[in-house]
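The structure appears right after this line, and notes come after that.
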Amino acid sequence: MQPAQADFRNGDFLGYAEQRFHRIAYTEWGDPGSPHVVVCLHGLSRQGRDFDALAAVLAQRGCRVVCPDLVGRGRSARLANPDDYALPQYVADMATLIAHLGVRQIDWIGTSLGGLVGMMIAAAQDAPIRRLVINDIGPSLPWSALQRIGTGLRNAPRTFPNLEAAETYLRTIHAPFGRLTDAQWRQMATYSFVRDSAGTLTHHYDPAIGHNFRPGRIYNVGLWRYWDRIRCKVLLLRGEESDLLPRQTAEEMTRRGPGAAFVEIAGCGHAPALMDEPQIDLVVNWITQTPAVRQDRAASSH
C-alpha cells in the first residue's frame, strides 16, 4: 500500500570542504511552518528520494520533513578530494542543514550511514536531536560487512542501457531491503540513475564515494564513545538477517547509552527499506509518540 502523494519542494544550501563550497540538495515535504521538523538521511550509495513514502505520511501527520542528498549523491555536488567522503564531512554538512532550516530541535531518521551521522550529531553537547531513529547500523561495524559493501561499490557496473536493466541490478544488489513491490522498485530505480553525456544511464552518485572502502583502508569501526554520550530517545531497527548490525550489538545498544527501544524487522537484511505500511507506521507512530513502541519484532507486510 502506498500513501497518497503529497506535495514536495526542492531546496539546497552550501556546504564547505577544503577551501571550496559545494551544493547540498534536499527534498522537503509538509508545512514549512510546522515546528515538528524531521530529517531523513539515506545510506551510503542512496539518496533522499528513498524516503518519499515515509515523508508523505509524516507530512500528513503535521511534520515538516527534509530529505537531503549527501554530498556526492543525487542532486548534490561532488567533492574534489575523495578522502573527504567520510563521516566528519557528512556531519559538518548536516549541521549546516540544521542551521539552514532555522530550527533548534529536530527528529532524525537515519538508514545505515545516515544513522551513523545522526548518532554523531546526537552525541554532541547541546545536540538539537529530540528523537533518533537508527535503521540497521550500530557503533560497531563488522569488518566482513564493510568489505562486502566496499567490494559491491568497486564492482558495480558503471552504465546501463535502459531503466529496466538498471532496475534489475538494483533488485539484485539491494535484495536485503526486503520484498518490495514492482512500483517500489521502479520508484527507487527512477531516482537512483541519471543519463550521462552518451545517453546511457549511470549511478546517481560519485563512484569516488567508495574511495575510503578500498583494500587496506577498511577496518572495524568502533563508535561506542559516541553512543554512550547520547541522551535523546532512540528507536533502533534491525533487519532480521542483517550482517552490518549483529543482534549482539543491537542488544548491547539497548543496555548502553540512551538504552534504545529495539525492533527487529522480519524478512529483510541490511537495511529495511521503510517503504511498506507496517514499517512506515512503526516509525511514524514512534516519531509522533502514538502509540508506544514495544521492544519487539515487526513483520513485513508483503
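Naming scheme: A, B, ... for chains in displayed order of the C-alpha cells; residues 1 onward per chain; ligands 1 onward as shown.
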
(request) Give the helix (DSSP H, G or I) residues of segment 53-262 of chain A, as DSSP finds them on the backbone, and put them as an MDAnalysis selection string. (result) chainID A and resid 53:60 82:84 87:101 113:122 143:155 163:173 175:177 182:192 207:213 224:227 247:255

Expected file: the selected residues, C-alpha atoms, as a JSON list (two decimals), in the first residue's frame:
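Output file selection_0.json is given in full below:
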```json
[["chain", "number", "residue", "atom", "x", "y", "z"],
["A", 53, "ALA", "CA", 6.59, 7.19, 1.08],
["A", 54, "LEU", "CA", 7.64, 7.74, 4.70],
["A", 55, "ALA", "CA", 7.92, 11.51, 4.24],
["A", 56, "ALA", "CA", 4.44, 11.73, 2.71],
["A", 57, "VAL", "CA", 2.88, 10.04, 5.76],
["A", 58, "LEU", "CA", 4.88, 12.14, 8.22],
["A", 59, "ALA", "CA", 3.74, 15.26, 6.33],
["A", 60, "GLN", "CA", 0.13, 14.13, 6.62],
["A", 82, "PRO", "CA", 37.60, 11.69, -2.42],
["A", 83, "ASP", "CA", 39.22, 11.45, 1.02],
["A", 84, "ASP", "CA", 36.52, 13.89, 2.20],
["A", 87, "LEU", "CA", 31.80, 11.00, 8.50],
["A", 88, "PRO", "CA", 33.39, 14.34, 9.55],
["A", 89, "GLN", "CA", 32.31, 15.99, 6.28],
["A", 90, "TYR", "CA", 28.82, 14.47, 6.38],
["A", 91, "VAL", "CA", 28.30, 15.62, 9.98],
["A", 92, "ALA", "CA", 29.52, 19.13, 9.13],
["A", 93, "ASP", "CA", 27.16, 19.35, 6.13],
["A", 94, "MET", "CA", 24.17, 18.15, 8.14],
["A", 95, "ALA", "CA", 24.95, 20.63, 10.93],
["A", 96, "THR", "CA", 24.86, 23.30, 8.23],
["A", 97, "LEU", "CA", 21.50, 21.92, 7.04],
["A", 98, "ILE", "CA", 20.04, 22.30, 10.54],
["A", 99, "ALA", "CA", 21.25, 25.90, 10.65],
["A", 100, "HIS", "CA", 19.86, 26.49, 7.16],
["A", 101, "LEU", "CA", 16.44, 25.25, 8.29],
["A", 113, "LEU", "CA", 25.29, 5.72, 7.05],
["A", 114, "GLY", "CA", 22.50, 8.19, 7.77],
["A", 115, "GLY", "CA", 22.13, 6.55, 11.18],
["A", 116, "LEU", "CA", 25.85, 6.96, 11.93],
["A", 117, "VAL", "CA", 25.65, 10.66, 11.04],
["A", 118, "GLY", "CA", 22.63, 11.05, 13.33],
["A", 119, "MET", "CA", 24.42, 9.18, 16.09],
["A", 120, "MET", "CA", 27.41, 11.54, 15.96],
["A", 121, "ILE", "CA", 25.22, 14.64, 15.92],
["A", 122, "ALA", "CA", 23.10, 13.34, 18.81],
["A", 143, "TRP", "CA", 34.91, -5.87, 9.00],
["A", 144, "SER", "CA", 33.35, -8.58, 6.82],
["A", 145, "ALA", "CA", 30.23, -6.47, 6.17],
["A", 146, "LEU", "CA", 32.31, -3.38, 5.39],
["A", 147, "GLN", "CA", 34.39, -5.45, 2.98],
["A", 148, "ARG", "CA", 31.21, -6.66, 1.27],
["A", 149, "ILE", "CA", 29.97, -3.09, 0.86],
["A", 150, "GLY", "CA", 33.32, -1.89, -0.48],
["A", 151, "THR", "CA", 33.53, -4.74, -2.97],
["A", 152, "GLY", "CA", 29.99, -4.03, -4.15],
["A", 153, "LEU", "CA", 30.80, -0.38, -4.79],
["A", 154, "ARG", "CA", 34.03, -1.14, -6.65],
["A", 155, "ASN", "CA", 32.47, -3.85, -8.81],
["A", 163, "LEU", "CA", 15.94, 1.73, -16.89],
["A", 164, "GLU", "CA", 14.84, -1.91, -16.97],
["A", 165, "ALA", "CA", 18.46, -3.12, -16.81],
["A", 166, "ALA", "CA", 19.24, -0.62, -14.06],
["A", 167, "GLU", "CA", 16.23, -1.76, -12.06],
["A", 168, "THR", "CA", 17.26, -5.41, -12.42],
["A", 169, "TYR", "CA", 20.65, -4.53, -10.98],
["A", 170, "LEU", "CA", 19.00, -2.71, -8.04],
["A", 171, "ARG", "CA", 16.74, -5.67, -7.32],
["A", 172, "THR", "CA", 19.85, -7.86, -7.06],
["A", 173, "ILE", "CA", 22.21, -5.63, -5.11],
["A", 175, "ALA", "CA", 17.62, -7.62, -2.27],
["A", 176, "PRO", "CA", 18.26, -7.39, 1.52],
["A", 177, "PHE", "CA", 15.95, -4.34, 1.59],
["A", 182, "ASP", "CA", 7.22, -3.62, -8.55],
["A", 183, "ALA", "CA", 6.14, 0.02, -8.11],
["A", 184, "GLN", "CA", 8.55, 0.49, -5.20],
["A", 185, "TRP", "CA", 11.49, -0.95, -7.17],
["A", 186, "ARG", "CA", 10.64, 1.26, -10.14],
["A", 187, "GLN", "CA", 10.39, 4.35, -7.95],
["A", 188, "MET", "CA", 13.78, 3.53, -6.44],
["A", 189, "ALA", "CA", 15.33, 2.97, -9.86],
["A", 190, "THR", "CA", 13.89, 6.21, -11.24],
["A", 191, "TYR", "CA", 15.83, 8.30, -8.72],
["A", 192, "SER", "CA", 18.93, 6.09, -8.49],
["A", 207, "PRO", "CA", 31.91, 6.44, -7.78],
["A", 208, "ALA", "CA", 34.55, 8.05, -5.54],
["A", 209, "ILE", "CA", 32.26, 7.60, -2.51],
["A", 210, "GLY", "CA", 33.81, 4.12, -2.34],
["A", 211, "HIS", "CA", 37.35, 5.55, -2.10],
["A", 212, "ASN", "CA", 37.59, 5.03, 1.66],
["A", 213, "PHE", "CA", 36.35, 1.43, 1.31],
["A", 224, "TRP", "CA", 30.75, 3.36, 21.29],
["A", 225, "ARG", "CA", 32.15, 6.57, 22.81],
["A", 226, "TYR", "CA", 29.55, 8.48, 20.75],
["A", 227, "TRP", "CA", 26.72, 6.09, 21.58],
["A", 247, "ARG", "CA", 21.98, -8.93, 17.00],
["A", 248, "GLN", "CA", 24.52, -8.96, 19.85],
["A", 249, "THR", "CA", 25.47, -5.35, 19.02],
["A", 250, "ALA", "CA", 21.80, -4.32, 18.82],
["A", 251, "GLU", "CA", 21.09, -5.84, 22.22],
["A", 252, "GLU", "CA", 24.07, -4.04, 23.73],
["A", 253, "MET", "CA", 22.69, -0.78, 22.32],
["A", 254, "THR", "CA", 19.56, -1.33, 24.43],
["A", 255, "ARG", "CA", 21.69, -1.56, 27.58]]
```

(request) Determine which residues of segment 31-151 of chain A DSSP labels as strand (DSSP E) from the backbone of this structure, then write them out as a ChimeraX atom specification. (result) /A:37-41,64-68,106-111,129-135,140-141

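Distances from A:Arg256, A:Arg75, A:His204, A:Arg131 to Val37 of chain A were compared using only C-alpha atoms, and the smallest one belongs to A:Arg131.
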
(request) Rank nothing, just name the residue among A:Ala198, A:Leu245, A:Leu235, A:Ala80 nearest to Ser140 of chain A, using only C-alpha atoms. (result)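 Looking at the shortest contact to Ser140 of chain A, the residue is A:Leu245.
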
(message) Between atom CA of Val263 of chain A and atom CA of Pro278 of chain A, what distance in Å does the model show, to one decimal?
(response) 12.0 Å

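Of the residues listed (A:Gly269, A:Pro128, A:Gly74, A:Ser112), A:Gly74 shows the shortest atom-to-atom separation from Val194 of chain A; distances use only C-alpha atoms.
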
(request) Please provide as a list in words all residues within 9 Å of Leu201 of chain A, with the sequence filter that same-chain residues fewer than 4 positions apart are discarded (counting only C-alpha atoms). (result) Arg158, Thr159, Phe160, Pro161, Asn162, Leu163, Ala166, Phe193, Val194, Arg195 and Asp196 of chain A

Print the selection's residues with C-alpha atoms to a file, as a CSV table (one decimal), in the first residue's frame.
```csv
chain,number,residue,atom,x,y,z
A,158,ARG,CA,29.1,2.0,-14.4
A,159,THR,CA,26.4,2.2,-17.1
A,160,PHE,CA,23.2,0.6,-18.0
A,161,PRO,CA,21.5,0.6,-21.4
A,162,ASN,CA,18.0,1.4,-20.1
A,163,LEU,CA,15.9,1.7,-16.9
A,166,ALA,CA,19.2,-0.6,-14.1
A,193,PHE,CA,20.2,6.7,-12.0
A,194,VAL,CA,20.8,9.6,-14.3
A,195,ARG,CA,21.7,9.9,-18.0
A,196,ASP,CA,25.3,10.7,-18.9
```

(message) Using only C-alpha atoms for the distances, tell me which of A:Pro32, A:Gly72, A:Gly62, A:Gly43 is nearest to Ile287 of chain A.
(response) A:Gly62

Quick one: residues within 10 Å of Arg9 of chain A, only C-alpha atoms, excluding same-chain residues fewer than 3 positions away - as an mmCIF file with C-alpha atoms, in the first residue's frame?
```
data_model
loop_
_atom_site.group_PDB
_atom_site.id
_atom_site.type_symbol
_atom_site.label_atom_id
_atom_site.label_comp_id
_atom_site.auth_asym_id
_atom_site.auth_seq_id
_atom_site.Cartn_x
_atom_site.Cartn_y
_atom_site.Cartn_z
ATOM 1 C CA TYR A 26 17.227 18.239 -0.406
ATOM 2 C CA THR A 27 13.550 17.417 -0.866
ATOM 3 C CA GLU A 28 11.113 18.915 1.644
ATOM 4 C CA TRP A 29 7.616 17.726 2.497
ATOM 5 C CA GLY A 30 4.796 19.136 4.617
ATOM 6 C CA PRO A 32 7.200 24.670 6.062
ATOM 7 C CA VAL A 66 13.554 17.248 4.974
#
```
